Structures are given as structure tokens and as C-alpha cells.
$ cat model_34.txt   # compact mmCIF, C-alpha atoms
# COMPACT_ATOMS: atom_id res chain seq x y z
CA MET L 113 -86.28 -7.12 -72.87
CA SER L 114 -86.60 -7.82 -76.58
CA HIS L 115 -90.16 -6.59 -77.03
CA PRO L 116 -91.03 -2.92 -77.34
CA ARG L 117 -93.08 -1.59 -74.43
CA SER L 118 -96.81 -2.18 -74.79
CA PRO L 119 -99.73 -1.24 -72.54
CA VAL L 120 -100.61 -4.88 -71.78
CA LYS L 121 -97.02 -5.78 -71.01
CA GLU L 122 -96.76 -2.75 -68.73
CA GLN L 123 -100.00 -3.73 -66.97
CA ILE L 124 -98.65 -7.22 -66.34
CA LEU L 125 -95.33 -5.84 -65.05
CA GLU L 126 -97.02 -3.30 -62.82
CA ALA L 127 -99.35 -5.83 -61.24
CA ALA L 128 -96.57 -8.38 -60.80
CA THR L 129 -94.22 -5.83 -59.25
CA ARG L 130 -96.90 -4.77 -56.78
CA LEU L 131 -97.71 -8.34 -55.79
CA MET L 132 -94.08 -9.41 -55.56
CA GLN L 133 -93.22 -6.47 -53.33
CA VAL L 134 -95.65 -7.76 -50.69
CA ARG L 135 -95.56 -11.53 -51.17
CA GLY L 136 -92.12 -12.13 -52.63
CA TYR L 137 -91.26 -13.97 -55.82
CA HIS L 138 -92.24 -17.53 -55.03
CA ARG L 139 -95.60 -16.72 -53.49
CA THR L 140 -96.71 -14.54 -56.40
CA ALA L 141 -98.83 -16.88 -58.52
CA LEU L 142 -99.25 -16.37 -62.24
CA GLU L 143 -103.05 -16.53 -61.83
CA ASP L 144 -102.95 -13.60 -59.39
CA VAL L 145 -100.83 -11.57 -61.78
CA LEU L 146 -103.31 -12.23 -64.58
CA ARG L 147 -106.31 -11.38 -62.40
CA GLU L 148 -104.73 -8.17 -61.07
CA SER L 149 -103.55 -7.01 -64.46
CA GLY L 150 -106.66 -8.06 -66.37
CA ALA L 151 -104.46 -9.80 -68.93
CA GLY L 152 -105.15 -13.22 -70.37
CA LYS L 153 -102.82 -16.20 -70.31
CA GLY L 154 -102.22 -15.77 -74.04
CA ASN L 155 -101.17 -12.14 -73.49
CA PHE L 156 -98.76 -13.23 -70.79
CA TYR L 157 -97.02 -15.89 -72.85
CA HIS L 158 -96.76 -13.50 -75.76
CA TYR L 159 -94.43 -11.33 -73.67
CA PHE L 160 -92.86 -13.74 -71.17
CA HIS L 161 -91.83 -17.34 -71.64
CA SER L 162 -91.88 -18.11 -67.93
CA LYS L 163 -92.36 -16.68 -64.48
CA GLU L 164 -88.57 -16.44 -64.26
CA GLU L 165 -88.47 -14.20 -67.31
CA LEU L 166 -91.22 -12.07 -65.74
CA GLY L 167 -89.10 -11.82 -62.57
CA TYR L 168 -86.04 -10.70 -64.55
CA ALA L 169 -88.16 -8.09 -66.35
CA ILE L 170 -89.36 -6.81 -62.97
CA LEU L 171 -85.75 -6.46 -61.82
CA ASP L 172 -84.94 -4.50 -65.00
CA ARG L 173 -87.94 -2.28 -64.39
CA LEU L 174 -87.06 -1.62 -60.73
CA VAL L 175 -83.47 -0.79 -61.66
CA ARG L 176 -84.56 1.54 -64.44
CA ALA L 177 -86.97 3.39 -62.15
CA PHE L 178 -84.38 3.75 -59.36
CA THR L 179 -81.72 4.88 -61.83
CA GLU L 180 -83.96 7.43 -63.56
CA ARG L 181 -85.66 8.81 -60.45
CA THR L 182 -82.84 8.66 -57.89
CA LEU L 183 -79.34 7.76 -59.09
CA ASP L 184 -79.13 9.82 -62.29
CA PRO L 185 -80.62 13.07 -60.92
CA ILE L 186 -78.42 12.93 -57.81
CA PHE L 187 -75.11 11.57 -59.07
CA GLY L 188 -75.44 13.11 -62.52
CA SER L 189 -75.79 16.65 -61.18
CA PRO L 190 -73.26 18.89 -62.93
CA THR L 191 -73.37 21.56 -60.22
CA ARG L 192 -73.66 19.69 -56.89
CA PRO L 193 -70.25 18.87 -55.33
CA PRO L 194 -69.62 15.10 -55.07
CA LEU L 195 -69.84 14.81 -51.27
CA GLN L 196 -73.12 16.71 -51.33
CA GLN L 197 -74.35 14.20 -53.89
CA VAL L 198 -73.73 11.41 -51.38
CA ASP L 199 -75.52 13.44 -48.71
CA ALA L 200 -78.46 13.97 -51.05
CA PHE L 201 -78.55 10.24 -51.79
CA LEU L 202 -78.78 9.42 -48.06
CA ASP L 203 -81.56 12.01 -47.66
CA GLU L 204 -83.44 10.60 -50.62
CA ILE L 205 -83.43 7.02 -49.31
CA LEU L 206 -84.68 8.32 -45.97
CA ALA L 207 -87.40 10.35 -47.71
CA ILE L 208 -88.54 7.29 -49.69
CA GLN L 209 -88.97 5.23 -46.51
CA ARG L 210 -90.78 8.11 -44.83
CA ALA L 211 -93.15 8.46 -47.78
CA ARG L 212 -93.81 4.69 -47.72
CA LYS L 213 -94.54 4.87 -43.98
CA CYS L 214 -91.90 2.21 -43.25
CA VAL L 215 -93.81 -0.37 -45.30
CA GLY L 216 -92.36 -2.56 -48.04
CA GLY L 217 -88.65 -2.37 -47.30
CA CYS L 218 -86.19 -2.27 -50.20
CA PRO L 219 -87.60 -4.16 -53.21
CA MET L 220 -84.10 -5.32 -54.19
CA GLY L 221 -83.15 -6.24 -50.62
CA ASN L 222 -86.35 -8.26 -50.29
CA LEU L 223 -85.72 -10.22 -53.49
CA ALA L 224 -82.07 -10.69 -52.53
CA THR L 225 -83.05 -12.11 -49.14
CA GLU L 226 -85.54 -14.50 -50.71
CA LEU L 227 -83.56 -15.62 -53.75
CA ALA L 228 -79.79 -15.24 -53.28
CA ASP L 229 -79.36 -18.74 -51.89
CA VAL L 230 -81.94 -20.58 -53.96
CA HIS L 231 -81.80 -19.12 -57.49
CA GLU L 232 -78.39 -18.47 -59.02
CA GLY L 233 -79.80 -16.49 -61.97
CA PHE L 234 -81.48 -14.00 -59.65
CA ARG L 235 -78.45 -13.92 -57.34
CA GLN L 236 -76.15 -12.91 -60.19
CA ARG L 237 -78.53 -10.22 -61.43
CA LEU L 238 -79.05 -8.84 -57.92
CA ALA L 239 -75.30 -8.85 -57.28
CA ARG L 240 -74.80 -6.75 -60.44
CA ILE L 241 -77.55 -4.36 -59.35
CA PHE L 242 -76.00 -3.79 -55.93
CA ASP L 243 -72.64 -3.31 -57.69
CA LEU L 244 -74.22 -0.68 -59.90
CA TRP L 245 -75.41 1.35 -56.90
CA ARG L 246 -72.10 0.95 -55.14
CA GLU L 247 -70.31 2.21 -58.26
CA ARG L 248 -72.41 5.38 -58.40
CA VAL L 249 -71.72 6.15 -54.72
CA ALA L 250 -68.05 5.16 -55.07
CA GLY L 251 -67.72 7.45 -58.10
CA ALA L 252 -68.83 10.46 -56.06
CA ILE L 253 -66.51 9.50 -53.18
CA ALA L 254 -63.60 9.11 -55.59
CA GLN L 255 -64.29 12.58 -56.99
CA ALA L 256 -64.45 14.03 -53.46
CA ARG L 257 -61.09 12.43 -52.76
CA ALA L 258 -59.63 13.72 -56.01
CA ASP L 259 -60.76 17.30 -55.34
CA GLY L 260 -59.28 17.20 -51.84
CA THR L 261 -62.54 17.16 -49.87
CA LEU L 262 -61.73 13.68 -48.55
CA VAL L 263 -58.35 12.40 -47.39
CA PRO L 264 -56.31 10.05 -49.62
CA GLU L 265 -57.00 7.17 -47.17
CA ALA L 266 -60.71 7.22 -48.08
CA ASP L 267 -61.43 4.02 -50.04
CA PRO L 268 -64.29 4.79 -52.45
CA ASP L 269 -65.35 1.18 -52.99
CA GLY L 270 -65.16 0.15 -49.35
CA LEU L 271 -66.97 3.25 -48.12
CA ALA L 272 -69.64 2.90 -50.79
CA ARG L 273 -70.22 -0.74 -49.83
CA PHE L 274 -70.52 0.31 -46.22
CA LEU L 275 -73.05 3.02 -47.09
CA VAL L 276 -75.17 0.65 -49.18
CA ALA L 277 -75.01 -2.01 -46.43
CA GLY L 278 -75.90 0.55 -43.75
CA LEU L 279 -78.88 1.76 -45.76
CA GLU L 280 -80.12 -1.78 -46.48
CA GLY L 281 -79.88 -2.74 -42.81
CA ALA L 282 -81.54 0.50 -41.73
CA ILE L 283 -84.41 -0.05 -44.17
CA LEU L 284 -84.89 -3.57 -42.83
CA LEU L 285 -84.93 -2.53 -39.16
CA THR L 286 -87.24 0.38 -39.99
CA LYS L 287 -89.63 -2.04 -41.68
CA VAL L 288 -89.60 -4.38 -38.68
CA GLN L 289 -89.95 -1.68 -36.02
CA LYS L 290 -92.21 0.60 -38.11
CA ASP L 291 -90.28 3.56 -36.77
CA ILE L 292 -88.74 6.10 -39.15
CA ARG L 293 -86.45 7.35 -36.37
CA ILE L 294 -84.29 4.22 -36.87
CA MET L 295 -83.71 5.30 -40.45
CA GLU L 296 -83.00 8.88 -39.32
CA THR L 297 -80.48 7.68 -36.73
CA CYS L 298 -78.66 5.43 -39.20
CA VAL L 299 -78.53 8.07 -41.94
CA GLY L 300 -77.16 10.53 -39.37
CA GLU L 301 -74.44 8.09 -38.34
CA LEU L 302 -73.55 7.27 -41.95
CA ARG L 303 -73.15 10.97 -42.67
CA ARG L 304 -71.01 11.35 -39.56
CA HIS L 305 -68.96 8.38 -40.74
CA LEU L 306 -68.05 10.15 -43.96
CA GLY L 307 -66.88 13.02 -41.76
CA LEU L 308 -64.15 10.67 -40.52
CA TYR L 309 -62.52 10.97 -43.92
CA LEU L 310 -62.84 14.72 -44.40
CA ALA L 311 -59.59 16.51 -45.17
CA THR L 312 -58.69 19.17 -42.62
CA SER L 313 -59.28 21.98 -45.05
CA SER L 314 -62.86 20.92 -45.70
CA ALA L 315 -63.72 19.62 -42.21
CA GLU L 316 -65.06 22.93 -40.96
CA GLU L 317 -67.59 23.54 -43.69
CA HIS L 318 -68.99 20.00 -43.20
CA ALA L 319 -70.06 18.20 -40.02
CA PRO L 320 -68.05 19.10 -36.91
CA PRO L 321 -66.28 16.27 -35.09
CA VAL L 322 -68.47 14.44 -32.57
CA GLY L 323 -66.18 13.67 -29.70
CA GLY L 324 -63.99 15.77 -27.48
CA PRO L 325 -60.74 17.36 -28.64
CA ARG L 326 -58.35 15.05 -30.47
CA MET N 15 -93.27 -22.82 -25.00
CA SER N 16 -95.52 -24.58 -22.55
CA HIS N 17 -94.30 -28.15 -23.17
CA PRO N 18 -91.08 -29.49 -21.68
CA ARG N 19 -88.44 -30.31 -24.28
CA SER N 20 -88.76 -33.73 -25.83
CA PRO N 21 -86.67 -35.52 -28.48
CA VAL N 22 -89.54 -35.59 -31.00
CA LYS N 23 -90.36 -31.94 -30.45
CA GLU N 24 -86.69 -31.07 -30.87
CA GLN N 25 -86.51 -33.11 -34.08
CA ILE N 26 -89.49 -31.25 -35.48
CA LEU N 27 -88.01 -27.89 -34.49
CA GLU N 28 -84.60 -28.73 -35.92
CA ALA N 29 -85.98 -29.88 -39.26
CA ALA N 30 -88.34 -26.92 -39.51
CA THR N 31 -85.60 -24.42 -38.63
CA ARG N 32 -83.33 -25.90 -41.29
CA LEU N 33 -86.05 -25.81 -43.95
CA MET N 34 -87.23 -22.33 -43.04
CA GLN N 35 -83.71 -20.95 -43.19
CA VAL N 36 -83.51 -21.86 -46.88
CA ARG N 37 -87.11 -21.54 -48.07
CA GLY N 38 -88.59 -19.03 -45.68
CA TYR N 39 -91.69 -19.40 -43.55
CA HIS N 40 -94.46 -19.54 -46.12
CA ARG N 41 -92.77 -21.99 -48.45
CA THR N 42 -91.96 -24.48 -45.70
CA ALA N 43 -94.76 -27.02 -45.91
CA LEU N 44 -95.88 -29.04 -42.92
CA GLU N 45 -95.49 -32.25 -44.94
CA ASP N 46 -91.83 -31.47 -45.59
CA VAL N 47 -91.21 -30.79 -41.91
CA LEU N 48 -92.78 -34.13 -41.04
CA ARG N 49 -90.80 -35.99 -43.69
CA GLU N 50 -87.50 -34.36 -42.71
CA SER N 51 -88.04 -34.89 -38.99
CA GLY N 52 -89.50 -38.37 -39.27
CA ALA N 53 -92.38 -37.28 -37.02
CA GLY N 54 -96.03 -38.14 -37.64
CA LYS N 55 -98.89 -35.68 -37.96
CA GLY N 56 -100.15 -36.78 -34.53
CA ASN N 57 -96.75 -35.99 -32.99
CA PHE N 58 -96.80 -32.58 -34.55
CA TYR N 59 -100.23 -31.59 -33.30
CA HIS N 60 -99.37 -32.87 -29.85
CA TYR N 61 -96.73 -30.12 -29.61
CA PHE N 62 -97.96 -27.38 -31.94
CA HIS N 63 -101.49 -26.24 -32.66
CA SER N 64 -100.57 -24.63 -35.95
CA LYS N 65 -97.74 -23.74 -38.30
CA GLU N 66 -97.78 -20.29 -36.74
CA GLU N 67 -97.10 -21.76 -33.31
CA LEU N 68 -94.26 -23.78 -34.84
CA GLY N 69 -92.87 -20.55 -36.34
CA TYR N 70 -92.98 -18.79 -32.98
CA ALA N 71 -91.23 -21.75 -31.33
CA ILE N 72 -88.52 -21.53 -34.00
CA LEU N 73 -88.03 -17.85 -33.20
CA ASP N 74 -87.72 -18.70 -29.49
CA ARG N 75 -85.19 -21.39 -30.32
CA LEU N 76 -83.09 -19.12 -32.57
CA VAL N 77 -83.07 -16.38 -29.94
CA ARG N 78 -82.08 -18.83 -27.21
CA ALA N 79 -79.22 -20.22 -29.28
CA PHE N 80 -77.92 -16.77 -30.23
CA THR N 81 -78.21 -15.56 -26.64
CA GLU N 82 -76.47 -18.58 -25.15
CA ARG N 83 -73.73 -18.93 -27.76
CA THR N 84 -73.02 -15.31 -28.66
CA LEU N 85 -74.66 -12.57 -26.59
CA ASP N 86 -74.19 -13.99 -23.05
CA PRO N 87 -70.56 -15.10 -23.42
CA ILE N 88 -69.53 -11.79 -25.00
CA PHE N 89 -71.60 -9.20 -23.15
CA GLY N 90 -71.67 -11.15 -19.88
CA SER N 91 -67.89 -11.29 -19.59
CA PRO N 92 -66.85 -10.00 -16.17
CA THR N 93 -63.29 -9.25 -17.25
CA ARG N 94 -63.52 -7.89 -20.82
CA PRO N 95 -63.88 -4.07 -20.93
CA PRO N 96 -67.21 -2.98 -22.48
CA LEU N 97 -65.84 -1.53 -25.71
CA GLN N 98 -63.84 -4.71 -26.29
CA GLN N 99 -67.10 -6.61 -25.84
CA VAL N 100 -68.58 -4.66 -28.75
CA ASP N 101 -65.43 -5.38 -30.79
CA ALA N 102 -65.69 -9.08 -29.96
CA PHE N 103 -69.36 -9.05 -31.01
CA LEU N 104 -68.47 -7.57 -34.40
CA ASP N 105 -65.72 -10.19 -34.83
CA GLU N 106 -68.09 -12.99 -33.87
CA ILE N 107 -70.75 -12.01 -36.45
CA LEU N 108 -68.02 -11.86 -39.09
CA ALA N 109 -66.71 -15.27 -38.01
CA ILE N 110 -70.20 -16.79 -38.23
CA GLN N 111 -70.64 -15.60 -41.83
CA ARG N 112 -67.18 -16.83 -42.73
CA ALA N 113 -67.91 -20.25 -41.23
CA ARG N 114 -71.19 -20.39 -43.16
CA LYS N 115 -69.37 -19.48 -46.39
CA CYS N 116 -71.70 -16.50 -46.96
CA VAL N 117 -74.72 -18.78 -47.24
CA GLY N 118 -77.99 -18.41 -45.36
CA GLY N 119 -77.82 -14.78 -44.27
CA CYS N 120 -79.22 -13.80 -40.87
CA PRO N 121 -82.09 -16.13 -39.87
CA MET N 122 -83.87 -13.27 -38.10
CA GLY N 123 -83.25 -10.80 -40.90
CA ASN N 124 -84.62 -13.30 -43.41
CA LEU N 125 -87.82 -13.86 -41.43
CA ALA N 126 -88.16 -10.13 -40.83
CA THR N 127 -87.89 -9.41 -44.54
CA GLU N 128 -90.49 -12.04 -45.38
CA LEU N 129 -92.98 -11.43 -42.59
CA ALA N 130 -92.77 -7.89 -41.16
CA ASP N 131 -95.36 -6.52 -43.58
CA VAL N 132 -97.69 -9.49 -43.82
CA HIS N 133 -97.89 -11.03 -40.33
CA GLU N 134 -98.28 -8.70 -37.37
CA GLY N 135 -97.62 -11.44 -34.79
CA PHE N 136 -94.24 -12.24 -36.30
CA ARG N 137 -93.46 -8.56 -36.81
CA GLN N 138 -93.98 -7.81 -33.12
CA ARG N 139 -91.88 -10.76 -32.01
CA LEU N 140 -89.08 -9.91 -34.45
CA ALA N 141 -89.15 -6.27 -33.33
CA ARG N 142 -88.68 -7.41 -29.72
CA ILE N 143 -85.81 -9.69 -30.74
CA PHE N 144 -83.96 -6.89 -32.57
CA ASP N 145 -84.61 -4.70 -29.51
CA LEU N 146 -83.06 -7.34 -27.31
CA TRP N 147 -79.82 -7.38 -29.35
CA ARG N 148 -79.73 -3.62 -29.51
CA GLU N 149 -80.09 -3.48 -25.71
CA ARG N 150 -77.12 -5.79 -25.17
CA VAL N 151 -74.91 -3.69 -27.46
CA ALA N 152 -76.28 -0.45 -26.03
CA GLY N 153 -75.56 -1.69 -22.50
CA ALA N 154 -71.88 -2.15 -23.31
CA ILE N 155 -71.70 1.26 -25.03
CA ALA N 156 -73.37 2.89 -22.01
CA GLN N 157 -70.79 1.29 -19.72
CA ALA N 158 -67.95 2.46 -21.97
CA ARG N 159 -69.39 5.96 -21.77
CA ALA N 160 -69.77 5.73 -17.99
CA ASP N 161 -66.17 4.61 -17.49
CA GLY N 162 -64.89 7.44 -19.69
CA THR N 163 -63.78 5.36 -22.68
CA LEU N 164 -66.40 7.04 -24.85
CA VAL N 165 -67.36 10.71 -24.86
CA PRO N 166 -70.62 11.86 -23.21
CA GLU N 167 -72.08 12.59 -26.68
CA ALA N 168 -72.09 8.88 -27.55
CA ASP N 169 -75.75 7.77 -27.66
CA PRO N 170 -75.84 4.09 -26.66
CA ASP N 171 -79.22 3.31 -28.23
CA GLY N 172 -78.57 5.17 -31.47
CA LEU N 173 -75.10 3.70 -31.92
CA ALA N 174 -76.32 0.20 -31.08
CA ARG N 175 -79.13 0.51 -33.64
CA PHE N 176 -76.60 1.66 -36.20
CA LEU N 177 -74.31 -1.29 -35.45
CA VAL N 178 -77.15 -3.81 -35.71
CA ALA N 179 -78.37 -2.20 -38.95
CA GLY N 180 -74.85 -2.16 -40.39
CA LEU N 181 -74.36 -5.82 -39.55
CA GLU N 182 -77.73 -6.84 -41.02
CA GLY N 183 -77.03 -4.94 -44.24
CA ALA N 184 -73.51 -6.35 -44.44
CA ILE N 185 -74.79 -9.91 -43.97
CA LEU N 186 -77.34 -9.35 -46.75
CA LEU N 187 -74.82 -7.95 -49.24
CA THR N 188 -72.36 -10.72 -48.34
CA LYS N 189 -75.05 -13.31 -49.04
CA VAL N 190 -75.85 -11.72 -52.42
CA GLN N 191 -72.26 -11.24 -53.54
CA LYS N 192 -70.91 -14.40 -51.87
CA ASP N 193 -67.84 -12.45 -50.86
CA ILE N 194 -66.71 -12.36 -47.22
CA ARG N 195 -64.60 -9.25 -47.93
CA ILE N 196 -67.80 -7.18 -47.91
CA MET N 197 -68.44 -8.30 -44.36
CA GLU N 198 -64.81 -7.59 -43.43
CA THR N 199 -64.99 -4.09 -44.91
CA CYS N 200 -68.23 -3.26 -43.12
CA VAL N 201 -67.07 -4.59 -39.76
CA GLY N 202 -63.86 -2.56 -40.17
CA GLU N 203 -65.86 0.61 -40.86
CA LEU N 204 -68.24 -0.05 -37.93
CA ARG N 205 -65.25 -0.41 -35.60
CA ARG N 206 -63.76 2.79 -37.01
CA HIS N 207 -67.13 4.47 -36.46
CA LEU N 208 -67.02 3.73 -32.74
CA GLY N 209 -63.61 5.39 -32.77
CA LEU N 210 -65.43 8.63 -33.57
CA TYR N 211 -66.77 8.61 -30.04
CA LEU N 212 -63.58 7.69 -28.19
CA ALA N 213 -62.59 10.08 -25.43
CA THR N 214 -59.18 11.68 -25.90
CA SER N 215 -57.64 9.76 -23.04
CA SER N 216 -58.57 6.41 -24.56
CA ALA N 217 -58.17 7.27 -28.24
CA GLU N 218 -54.53 6.23 -28.43
CA GLU N 219 -54.93 2.72 -27.08
CA HIS N 220 -57.76 2.06 -29.57
CA ALA N 221 -57.90 2.65 -33.33
CA PRO N 222 -55.94 5.68 -34.58
CA PRO N 223 -57.86 8.36 -36.47
CA VAL N 224 -58.20 7.73 -40.19
CA GLY N 225 -57.90 11.08 -41.79
CA GLY N 226 -55.29 13.78 -41.71
CA PRO N 227 -54.63 15.95 -38.67
CA ARG N 228 -57.67 17.54 -37.05

$ encode --input "model_34.txt" --output "C-alpha cells"
Amino acid sequence: MSHPRSPVKEQILEAATRLMQVRGYHRTALEDVLRESGAGKGNFYHYFHSKEELGYAILDRLVRAFTERTLDPIFGSPTRPPLQQVDAFLDEILAIQRARKCVGGCPMGNLATELADVHEGFRQRLARIFDLWRERVAGAIAQARADGTLVPEADPDGLARFLVAGLEGAILLTKVQKDIRIMETCVGELRRHLGLYLATSSAEEHAPPVGGPR
Amino acid sequence: MSHPRSPVKEQILEAATRLMQVRGYHRTALEDVLRESGAGKGNFYHYFHSKEELGYAILDRLVRAFTERTLDPIFGSPTRPPLQQVDAFLDEILAIQRARKCVGGCPMGNLATELADVHEGFRQRLARIFDLWRERVAGAIAQARADGTLVPEADPDGLARFLVAGLEGAILLTKVQKDIRIMETCVGELRRHLGLYLATSSAEEHAPPVGGPR
């Protein structure tokens, strides 16, 4: 994004993000973006050379919003212990879907589904974005392993991938079934899954084991 | 599907399924389906009243194929113990993504992402399809609980939802990153997750616990 932020540019981005979230990338026509934003064609081409460039700017905007509103406050907390950061992250994703009444799904997951196999530029950007989230979650898991909350066998990257995948799948099923309980169930199981890797010393203050005696 | 199967109808369905898998529902134009299938417009309207009806027939066809090739052979096995059926199901989904070289994603997940918020008829059908898969997985988990392999606390429906969600999310991330190891990691964690609910008596013949002593 080489241009400084401007009201017209923001209006275009806002309208386009809203439209794309419902219709997807390909079905969002430039004319609709202009009509919804009230911007003229000249305005548009002043800020974006193409629809593709608009799409990339929307990705940047979505990532920035998610980082500022969710990732940074949760994983940047200086006082919250790392495993509680992961817990808070799971709760936050659940809360977002609840607030959206199971409508819209994950904006990144939607674009990934539509574009990963047909547009290499978007695929690469989306892959980096999912990596970014995984790294934040993996960082907290690595810290929890280092401070002895989790056992040495806990693989931060693998577990973080699994958490992101579980959340993406849960968001998708919740959107299809329009039932927030699916999201609640999956978040509960993901939390329980982390419990698998709790060190003995910390197991009691976190979730108790599910099954019978081991 | 009120018409008996015919070669022309099958050609139309095959071409449309192929196109829709890459482009999605909305971006698959009738003209392209006709060109790819070699069918005429008259042929098409003999079998389908609308693109919507074609879409529903494609869903039916995808479900039938998945049921016949994957669900029935695995969950209908008279000799394989129920928990091994779930294991085999996880392996099969992994094998499918490996064979497809991480391209295409889940046909149902793709359609669900595109249509769940904009077409209520598709949403309802897709919701029933995901329910159907969940029920097959839940049935095996319920049997494993009944025969004492899993503890009474294991909730067949909740766990089955979690497995389906985990697989859908894993398929999506695998498609974005083009890396089958993501799928392998997630399937490994899902299998380990079921281990959480193993009864003591059966815990030793299945996966060992991950963490330190409990």
C-alpha cells in the first residue's frame, strides 16, 4: 500500500470488503464497489491499478484489523500466561462467530477456498497470512513448553496448525448449520486437546482428564 | 432425481461437477457446461429445469460417490472394530488429499463456503450432507463406547462434529499451503484426540498417552 490512507480510498476498501465477504472475489463487480462506496471510476484508478490490487489491499486490511483487534491484544499480553493466551484466543474466535450470528464465516477462509487453486498471487498471500496466525499461536505454545506448563513432546508448530485448522473447520460447519453450538463443541474439544500435553505439575490447575483413570 | 440415468445426463453432470469444483457454482456458466459435455441446450433442459436443479443433482451425485466409495466400505465393515473404522476414515481422507496433490479441497466444503450465506436451498442440503457424515462417524464412536473401548463420557455427536470440522479445516489449509504434511499433522492430532476418550482397558492396545505420567 504505497498511498497514504484517504477517506475515499477507505470508503472504496470498506465497500469492497463488505461485498466480497458475501459474494466472494470474482462475483464482486467493480461497478458495485463504485456504487456502494459512492466513488467515481477516476477515484478508483487513482488508488488501485486493478481489481487484483484492490483484492490485495483488502487482504492487507483484514490482516491488520485481525492483528490489531485480536492477535496483538491476546498474544502480546505481558501478564497473561501463554497457555491462557491460547485459551483466550479460542474464546475470542467463538465470541466473534456468536456476535456475527453464524453468518459470513472466516473472511480469509472464504477467500482461500475461492482462490487458492485459481490465483497463485492470492494463494501465496493467503498462505503467508495463515502462517502468521499459526506463528502467533505456536509462539505461545512454545513459551508454555519452555516454562514447563506443557510437556517437551508438545510440538508448537504442529499443535498451532491443528488449532487453526480446527477453528477454520468449526467456523465453516457453524456457517452451514447456523448453530453456534458446533463452534462451542469444537472449541471445547480443542481446549481439551491441549490438555493432552499438560505437564503433570500443571495438569491439576487446568482441565481435568476426560476419561477414566490412566 | 426423477429421471433414470442416461449417458447424456451423466455427461452433463460430469462436466458440470468438474467445472464447479474449480470455479464454484456461480462462476460455472451453462454455456461452458454444454461445451465441455458436448450436449445441446435442448438436452440440458430435457433433464434439468434450471442451473439450480443441476447444482442439486451435482450434490446428490457427490454424496452418492462419497457414500459408495468411502463411507459404506469403511463404516459398513462387519469385521473392523468401530474405533478402527474411524481410524480408517481419517486415513482415507488423508489419502484422497494426497492423491489429489492438495488441489481442489473438499467439494462439499467449497460449495458450503460459497453458498451457505447466499442460497438457502443449498445451505439446507449441505447441512443435511454434513449431518449425514457426522452420523456415520458418530455411529462408530457410539459403538466403541457401547463395547467399552471408549469411556462413557465420550459424546459421539460432539466428537464426530469435531472430527469432521478438523478434517474440513485441515483440507482447507492443505489446499492453501499445498503441503500434505499439514493434513498428516492434523489427522495425527485427531487420532490422538480420540485417545483421550479410551477406556483404561483398551488404552494400551491403541495410541500411548502423549504427555508425561498422569

$ closest_atom_pairs --input "model_34.txt" --of "chain N" --to "chain L" --cutoff "8 Å" --atoms "only C-alpha atoms" --output "tab-separated table"
residue	atom	partner	partner_atom	distance
N:Val36	CA	L:Asp229	CA	7.2
N:Arg37	CA	L:Glu226	CA	7.7
N:Gly38	CA	L:Glu226	CA	7.4
N:His40	CA	L:Arg139	CA	8.0
N:Arg41	CA	L:Arg139	CA	7.8
N:Val117	CA	L:Asp229	CA	6.6
N:Gly118	CA	L:Asp229	CA	6.7
N:Gly119	CA	L:Thr225	CA	7.6
N:Gly123	CA	L:Leu284	CA	7.7
N:Asn124	CA	L:Thr225	CA	6.1
N:Ala126	CA	L:Val288	CA	6.3
N:Thr127	CA	L:Asn222	CA	6.1
N:Glu128	CA	L:Gly136	CA	7.4
N:Ala130	CA	L:Val288	CA	5.3
N:Asp131	CA	L:Val215	CA	6.6
N:Val132	CA	L:Val134	CA	7.4
N:Arg137	CA	L:Val288	CA	6.0
N:Gln138	CA	L:Val288	CA	7.9
N:Leu140	CA	L:Val288	CA	7.0
N:Ala141	CA	L:Gln289	CA	5.4
N:Phe144	CA	L:Leu285	CA	8.0
N:Val165	CA	L:Gly323	CA	5.8
N:Glu167	CA	L:Gly323	CA	6.7
N:Ala168	CA	L:Gly323	CA	7.9
N:Gly172	CA	L:Thr297	CA	6.1
N:Leu173	CA	L:Glu301	CA	7.8
N:Arg175	CA	L:Ile294	CA	7.1
N:Phe176	CA	L:Cys298	CA	5.2
N:Val178	CA	L:Gly281	CA	7.7
N:Ala179	CA	L:Gly281	CA	4.2
N:Gly180	CA	L:Gly278	CA	4.4
N:Leu181	CA	L:Gly281	CA	7.1
N:Glu182	CA	L:Gly281	CA	5.0
N:Gly183	CA	L:Gly281	CA	3.9
N:Ala184	CA	L:Ala277	CA	5.0
N:Leu186	CA	L:Thr225	CA	6.8
N:Leu187	CA	L:Ala277	CA	6.6
N:Lys189	CA	L:Ala228	CA	6.6
N:Val190	CA	L:Ala228	CA	5.4
N:Gln191	CA	L:Ala239	CA	5.4
N:Ile196	CA	L:Arg273	CA	7.1
N:Thr199	CA	L:Gly270	CA	6.1
N:Cys200	CA	L:Phe274	CA	5.3
N:Glu203	CA	L:Phe274	CA	7.1
N:His207	CA	L:His305	CA	6.1
N:Leu210	CA	L:Gly323	CA	6.4
N:Tyr211	CA	L:Gly323	CA	5.1
N:Leu212	CA	L:Gly323	CA	6.7
N:Ala213	CA	L:Gly324	CA	6.2
N:Thr214	CA	L:Arg326	CA	5.7
N:Pro223	CA	L:Leu308	CA	7.8
N:Val224	CA	L:Tyr309	CA	6.6
N:Gly225	CA	L:Tyr309	CA	5.1
N:Gly226	CA	L:Ala311	CA	6.2
N:Pro227	CA	L:Thr312	CA	6.5
N:Arg228	CA	L:Thr312	CA	5.9

$ residues_around --input "model_34.txt" --residues "segment 88-90 of chain N" --least-positions-apart "3" --cutoff "7 Å" --atoms "only C-alpha atoms" --output "JSON, numbers by chain"
{"N": [84, 85, 99, 102, 103, 150]}

$ residues_around --input "model_34.txt" --residues "Val77 of chain N" --least-positions-apart "5" --cutoff "9 Å" --atoms "all atoms listed in the file" --output "PDB file with C-alpha atoms, in the frame of the given file"
ATOM      1  CA  ILE N  72     -88.520 -21.530 -34.000  1.00  0.00           C
ATOM      2  CA  GLU N  82     -76.470 -18.580 -25.150  1.00  0.00           C
ATOM      3  CA  MET N 122     -83.870 -13.270 -38.100  1.00  0.00           C
ATOM      4  CA  ILE N 143     -85.810  -9.690 -30.740  1.00  0.00           C
TER       5      ILE N 143
END

$ atom_distance --input "model_34.txt" --atom1 "atom CA of Glu122 of chain L" --atom2 "atom CA of Leu206 of chain L"
28.0 Å

$ residues_around --input "model_34.txt" --residues "Asp259 of chain L" --least-positions-apart "4" --cutoff "10 Å" --atoms "all atoms listed in the file" --output "list in words"
Pro193, Pro194, Ile253, Ala254, Gln255 and Val263 of chain L

$ atom_distance --input "model_34.txt" --atom1 "atom CA of Tyr159 of chain L" --atom2 "atom CA of Lys121 of chain L"
6.7 Å

$ atom_distance --input "model_34.txt" --atom1 "atom CA of Ile208 of chain L" --atom2 "atom CA of Gly167 of chain L"
23.1 Å
